[in-house]
Every structure is written in C-alpha cells, then in structure tokens.
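K.L.:
So here's entry.cif (mmCIF, C-alpha atoms).
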```
data_my_file
loop_
_atom_site.label_atom_id
_atom_site.label_comp_id
_atom_site.auth_asym_id
_atom_site.auth_seq_id
_atom_site.Cartn_x
_atom_site.Cartn_y
_atom_site.Cartn_z
CA LEU B 832 8.50 -8.43 -4.13
CA VAL B 833 6.52 -8.01 -0.93
CA THR B 834 4.26 -11.04 -1.11
CA GLU B 835 6.54 -13.47 -2.96
CA GLN B 836 9.94 -12.40 -1.66
CA GLY B 837 8.85 -11.24 1.80
CA LEU B 838 10.50 -7.84 1.49
CA GLU B 839 9.71 -5.08 3.92
CA VAL B 840 9.32 -1.68 2.31
CA ASP B 841 11.97 -0.26 4.66
CA GLN B 842 14.56 -2.63 3.14
CA ILE B 843 14.14 -1.17 -0.34
CA GLU B 844 16.52 1.46 -1.68
CA ASN B 845 14.92 1.69 -5.13
CA VAL B 846 12.84 -0.28 -7.61
CA GLN B 847 12.92 -0.48 -11.37
CA ILE B 848 9.68 -1.64 -13.01
CA HIS B 849 10.43 -3.09 -16.46
CA ILE B 850 7.59 -2.79 -18.95
CA THR B 851 7.34 -2.41 -22.71
CA GLU B 852 8.31 0.86 -24.36
CA ARG B 853 4.75 1.12 -25.68
CA THR B 854 3.34 0.79 -22.16
CA LEU B 855 5.85 3.27 -20.79
CA ASN B 856 4.81 5.83 -23.39
CA GLY B 857 1.09 5.19 -22.83
CA PHE B 858 -1.13 6.71 -20.17
CA VAL B 859 -0.39 3.97 -17.59
CA GLY B 860 3.33 4.73 -17.88
CA ALA B 861 3.06 8.33 -16.73
CA ARG B 862 4.65 9.31 -13.42
CA PHE B 863 2.09 9.80 -10.68
CA ASP B 864 2.02 13.14 -8.89
CA PRO B 865 0.82 12.55 -5.31
CA ALA B 866 -0.04 16.25 -4.96
CA GLU B 867 -2.87 15.79 -7.48
CA ARG B 868 -4.49 12.87 -5.63
CA ARG B 869 -6.74 12.06 -8.57
CA VAL B 870 -8.28 8.60 -8.18
CA VAL B 871 -8.40 7.88 -11.91
CA ALA B 872 -4.75 8.91 -12.27
CA GLY B 873 -3.73 6.49 -9.52
CA LEU B 874 -5.90 3.69 -10.79
CA PHE B 875 -4.29 3.85 -14.24
CA SER B 876 -0.72 4.48 -13.09
CA ILE B 877 1.83 1.69 -12.88
CA HIS B 878 4.01 4.12 -10.93
CA PHE B 879 1.33 4.63 -8.25
CA THR B 880 0.05 1.05 -8.11
CA ALA B 881 3.60 -0.23 -7.70
CA ALA B 882 4.10 2.11 -4.73
CA ALA B 883 0.77 1.08 -3.20
CA ALA B 884 1.55 -2.62 -3.70
CA LEU B 885 4.97 -2.23 -2.09
CA LEU B 886 3.48 -0.40 0.88
CA HIS B 887 0.35 -2.51 1.39
CA GLY B 888 1.19 -5.83 -0.27
CA THR B 889 -1.76 -5.35 -2.64
CA VAL B 890 -3.86 -2.61 -4.21
CA ARG B 891 -7.42 -2.36 -2.95
CA PRO B 892 -10.11 0.29 -3.25
CA GLU B 893 -9.16 1.93 0.03
CA HIS B 894 -5.66 2.58 -1.35
CA LEU B 895 -7.15 4.66 -4.16
CA THR B 896 -8.73 7.42 -2.12
CA PRO B 897 -7.32 10.95 -2.22
CA GLU B 898 -6.37 10.56 1.45
CA ALA B 899 -4.48 7.32 0.83
CA MET B 900 -2.79 8.80 -2.23
CA GLY B 901 -1.53 11.67 -0.10
CA ASP B 902 0.18 9.34 2.38
CA GLU B 903 3.75 10.55 2.84
CA ARG B 904 4.99 6.94 2.62
CA ILE B 905 3.52 6.71 -0.90
CA ALA B 906 5.23 9.98 -1.87
CA ALA B 907 8.56 8.67 -0.56
CA LEU B 908 8.18 5.37 -2.45
CA LEU B 909 7.25 7.15 -5.68
CA GLN B 910 10.64 8.90 -5.55
CA ARG B 911 12.35 5.50 -5.43
CA ILE B 912 10.44 3.85 -8.31
CA THR B 913 11.54 4.13 -11.92
CA LEU B 914 9.67 2.74 -14.90
CA VAL B 915 11.90 1.36 -17.67
CA GLY B 916 10.74 0.51 -21.19
CA SER B 917 12.96 -2.54 -21.59
CA LEU B 918 10.63 -5.43 -22.45
CA PRO B 919 9.70 -6.42 -26.02
CA ASN B 920 6.39 -4.90 -27.18
CA ASN B 921 4.85 -8.35 -27.64
CA GLN B 922 4.99 -8.77 -23.83
CA ARG B 923 2.42 -6.02 -23.23
CA LEU B 924 0.99 -7.55 -20.04
CA THR B 925 4.35 -8.60 -18.60
CA ALA B 926 6.16 -6.63 -15.94
CA GLU B 927 9.36 -7.22 -14.06
CA ALA B 928 10.43 -5.53 -10.86
CA THR B 929 14.01 -5.32 -9.66
CA ALA B 930 14.55 -3.96 -6.20
CA THR B 931 17.92 -2.83 -4.94
CA LEU B 932 17.96 -3.22 -1.19
CA LYS B 933 19.70 -0.96 1.29
CA ASP B 934 22.23 -3.74 1.97
CA GLY B 935 23.22 -3.66 -1.74
CA SER B 936 21.55 -6.95 -2.72
CA THR B 937 18.84 -7.18 -5.35
CA ARG B 938 15.55 -9.04 -5.68
CA HIS B 939 13.70 -9.67 -8.92
CA VAL B 940 10.19 -10.82 -9.82
CA ARG B 941 8.46 -11.26 -13.16
CA VAL B 942 4.73 -11.35 -13.79
CA GLU B 943 3.76 -12.66 -17.20
CA ASN B 944 0.10 -11.73 -16.90
CA PRO B 945 -1.60 -9.76 -14.15
CA ALA B 946 -4.01 -11.67 -11.96
CA GLY B 947 -7.50 -11.00 -13.19
CA ASP B 948 -6.74 -10.73 -16.90
CA HIS B 949 -9.80 -12.57 -18.18
CA LEU B 950 -7.93 -14.33 -21.01
CA SER B 951 -4.58 -15.28 -19.55
CA ALA B 952 -4.91 -15.21 -15.77
CA PRO B 953 -8.58 -15.15 -14.76
CA LEU B 954 -9.50 -15.00 -11.12
CA GLY B 955 -11.16 -18.04 -9.63
CA ARG B 956 -14.75 -17.71 -8.46
CA VAL B 957 -13.86 -17.17 -4.80
CA ARG B 958 -11.36 -14.37 -5.57
CA LEU B 959 -13.68 -12.78 -8.11
CA GLU B 960 -16.57 -12.75 -5.63
CA GLU B 961 -14.27 -11.34 -2.94
CA LYS B 962 -13.13 -8.59 -5.29
CA PHE B 963 -16.72 -7.74 -6.22
CA THR B 964 -17.77 -7.68 -2.57
CA LEU B 965 -14.86 -5.42 -1.57
CA ASN B 966 -15.51 -3.02 -4.43
CA LEU B 967 -19.25 -2.93 -3.79
CA ALA B 968 -18.71 -2.27 -0.07
CA PHE B 969 -16.21 0.47 -0.85
CA GLY B 970 -18.15 2.17 -3.64
CA HIS B 971 -21.65 1.63 -2.26
CA PRO B 972 -21.48 0.65 1.41
CA GLU B 973 -25.28 0.82 1.56
CA LEU B 974 -25.37 -2.16 -0.84
CA ALA B 975 -22.74 -4.29 0.92
CA ALA B 976 -25.28 -6.55 2.62
CA ARG B 977 -26.79 -7.32 -0.80
CA ALA B 978 -23.53 -8.68 -2.26
CA PRO B 979 -24.31 -12.40 -1.79
CA SER B 980 -27.75 -12.00 -3.35
CA ILE B 981 -26.40 -9.96 -6.25
CA ILE B 982 -23.69 -12.55 -6.90
CA ASP B 983 -26.24 -15.37 -6.81
CA SER B 984 -28.54 -13.44 -9.12
CA VAL B 985 -25.76 -12.89 -11.66
CA GLN B 986 -24.70 -16.54 -11.44
CA THR B 987 -28.25 -17.66 -12.27
CA LEU B 988 -29.07 -14.86 -14.70
CA GLU B 989 -30.04 -17.21 -17.51
CA LEU B 990 -32.84 -18.63 -15.31
CA ALA B 991 -34.38 -15.25 -14.46
CA ASP B 992 -37.69 -14.21 -16.00
CA SER B 993 -36.59 -10.57 -15.94
CA LEU B 994 -33.77 -8.30 -14.76
CA SER B 995 -36.00 -6.26 -12.47
CA GLY B 996 -34.85 -7.97 -9.26
CA LEU B 997 -31.18 -7.58 -10.10
CA LEU B 998 -31.63 -3.97 -11.18
CA SER B 999 -33.50 -3.17 -7.96
CA ALA B 1000 -30.75 -4.81 -5.92
CA LEU B 1001 -28.19 -2.59 -7.64
CA ASN B 1002 -30.25 0.53 -6.99
CA PRO B 1003 -29.08 2.13 -3.72
CA THR B 1004 -32.45 3.83 -3.22
CA ALA B 1005 -34.56 0.67 -3.68
CA THR B 1006 -35.79 -1.29 -0.71
CA ILE B 1007 -35.48 -5.02 -1.25
CA THR B 1008 -38.15 -7.00 0.55
CA THR B 1009 -38.14 -10.18 -1.52
CA PRO B 1010 -35.23 -12.34 -2.62
CA ILE B 1011 -33.64 -11.42 -5.91
CA ALA B 1012 -34.77 -13.82 -8.60
#
```
Can you dump the structure from the file as structure tokens?

P.N.:
Amino acid sequence: LVTEQGLEVDQIENVQIHITERTLNGFVGARFDPAERRVVAGLFSIHFTAAAALLHGTVRPEHLTPEAMGDERIAALLQRITLVGSLPNNQRLTAEATATLKDGSTRHVRVENPAGDHLSAPLGRVRLEEKFTLNLAFGHPELAARAPSIIDSVQTLELADSLSGLLSALNPTATITTPIA
C-alpha cells in the first residue's frame, strides 16, 4: 500500500489484512501488544509487521527493537489494523491488504508470495547480500566490515580447503589478519 500505491500513513483510516484462517489461528496471526515489546513476538506477528511496513515502507532490523516497537505511531496503527481469515487455506503465503482511507476511498493490494520465499519468490543476489549485510551490521556491528569477505567466502565455499577462515570471520572475538579463504 505504501510502496506500490504511494499511500501516506496519515491518509489511512483502517486496514484489513486478509490471510488464511489457518494463518490467522496460528502464532503469526496473534495480535501484537506493543506494551510487551518482545522482539520475537514482533518478528513473527503479521499484525506488527503490517504496522511497521505501513509506517516505514518496509520492515528492517531497526524496526524490531523494543524501542521501535514502543513507538506511539506503531501503537496507533495497531489499533487500526484487523486481520481477517478470509483466504482459502491453500493460499498460505498469500496476503491481501485493503485500506480504507480517511476520504472514504479504498486501496487494495495482493501479494501471492512474500519476497524472499526461497521457493516461490527468492531474492536476487544483490538484495540477498544487502539483507545479509544489514542484518549482520545490526546484530553484530563489530562484524559489519567483514560482510563482503564473508559473502565472498560463502559464495566460494566449495573451493575452500576448510571452514576455519569463514568460522573465524563469523567469530566477533577473532582478529582477522589474512583474507578469508
């Protein structure tokens, strides 16, 4: 809705997220409580990730911190988002979002498969490397400078004599003085 339809979050009165009944009744269908601010709860919550995506245009690691989860704008959006189990169960990866705008009009988007699903919508190499680099920098900022070497090492893994270089590169306490091979 934000990236494809160009909506501003202030235009939105409410949003219905259509998913399967099975998904709605599963752990990802639970309503997110912003007072809890649990990272794992937000990460596996369609309710929360929809609010974060509406607010930020995407969901990135920095949107999954307890501080970001406590943002009053997220709390306000969560009140305006409803999950509806209306899609057939064979469409388990599909989601539809219908936004009613403050002017009374509606906007609708449908996603058959989420970007990054390795079978149906894999990320291209550039996006996958970007995602890895962002996650590494967020989770282990001390390893951020090693991202290009780690990526190259994984890409050429079948040529490596051993995993010791890669494992050292992934160890935050190791000092890397030679290129990863």

K.L.:
Pick from B:Leu988, B:Val890, B:Val942, B:Leu909: nearest to Lys962 of chain B, with all atoms listed in the file counted?

P.N.:
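Smallest distance to Lys962 of chain B is found for B:Val890.
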
K.L.:
Could you name the residues that touch His939 of chain B at 9 Å or less, counting only C-alpha atoms, but leaving out those on the same chain fewer than 6 positions away, as JSON, numbers by chain?

P.N.:
{"B": [832, 836, 927, 928, 929, 930, 931]}

K.L.:
If you measure from atom CA of Arg911 of chain B to atom CA of Ala881 of chain B, what distance in Å do you get, rounded to one decimal?

P.N.:
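Interatomic distance, atom CA of Arg911 of chain B to atom CA of Ala881 of chain B: 10.7 Å.
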
K.L.:
Can you spell out as a PyMOL selection string the set of residues that the PyMOL selection byres ((chain B and resi 886) around 12) selects in the structure I just provided?

P.N.:
chain B and resi 832-834+838-843+879-885+887-891+894+899-900+902-909

K.L.:
For atom CA of Ile850 of chain B and atom CA of His949 of chain B, quote the distance in Å rounded to one decimal.

P.N.:
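Spanning atom CA of Ile850 of chain B to atom CA of His949 of chain B is a straight-line distance of 20.0 Å.
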
K.L.:
Could you tell me which of B:Glu867, B:Leu990, B:Gln922, B:Gly857 comes closest to Thr896 of chain B if we count only C-alpha atoms?

P.N.:
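Answer, going by the shortest atom-to-atom distance: B:Glu867.
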
K.L.:
Record the distance separating atom CA of Thr987 of chain B and atom CA of Ser999 of chain B, expressed in Å with one decimal.

P.N.:
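Separation of atom CA of Thr987 of chain B and atom CA of Ser999 of chain B: 16.0 Å.
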
K.L.:
Where does the PyMOL selection byres ((chain B and resi 858-860) around 12) land in this file, that is, which residues does it pick, as a PyMOL selection string?

P.N.:
chain B and resi 848-857+861-863+871-881+912-916+923-924+926

K.L.:
Which is closer to Leu932 of chain B than all the others in B:Gln847, B:Thr1006, B:Ser993, B:Ser984, using all atoms listed in the file?

P.N.:
B:Gln847
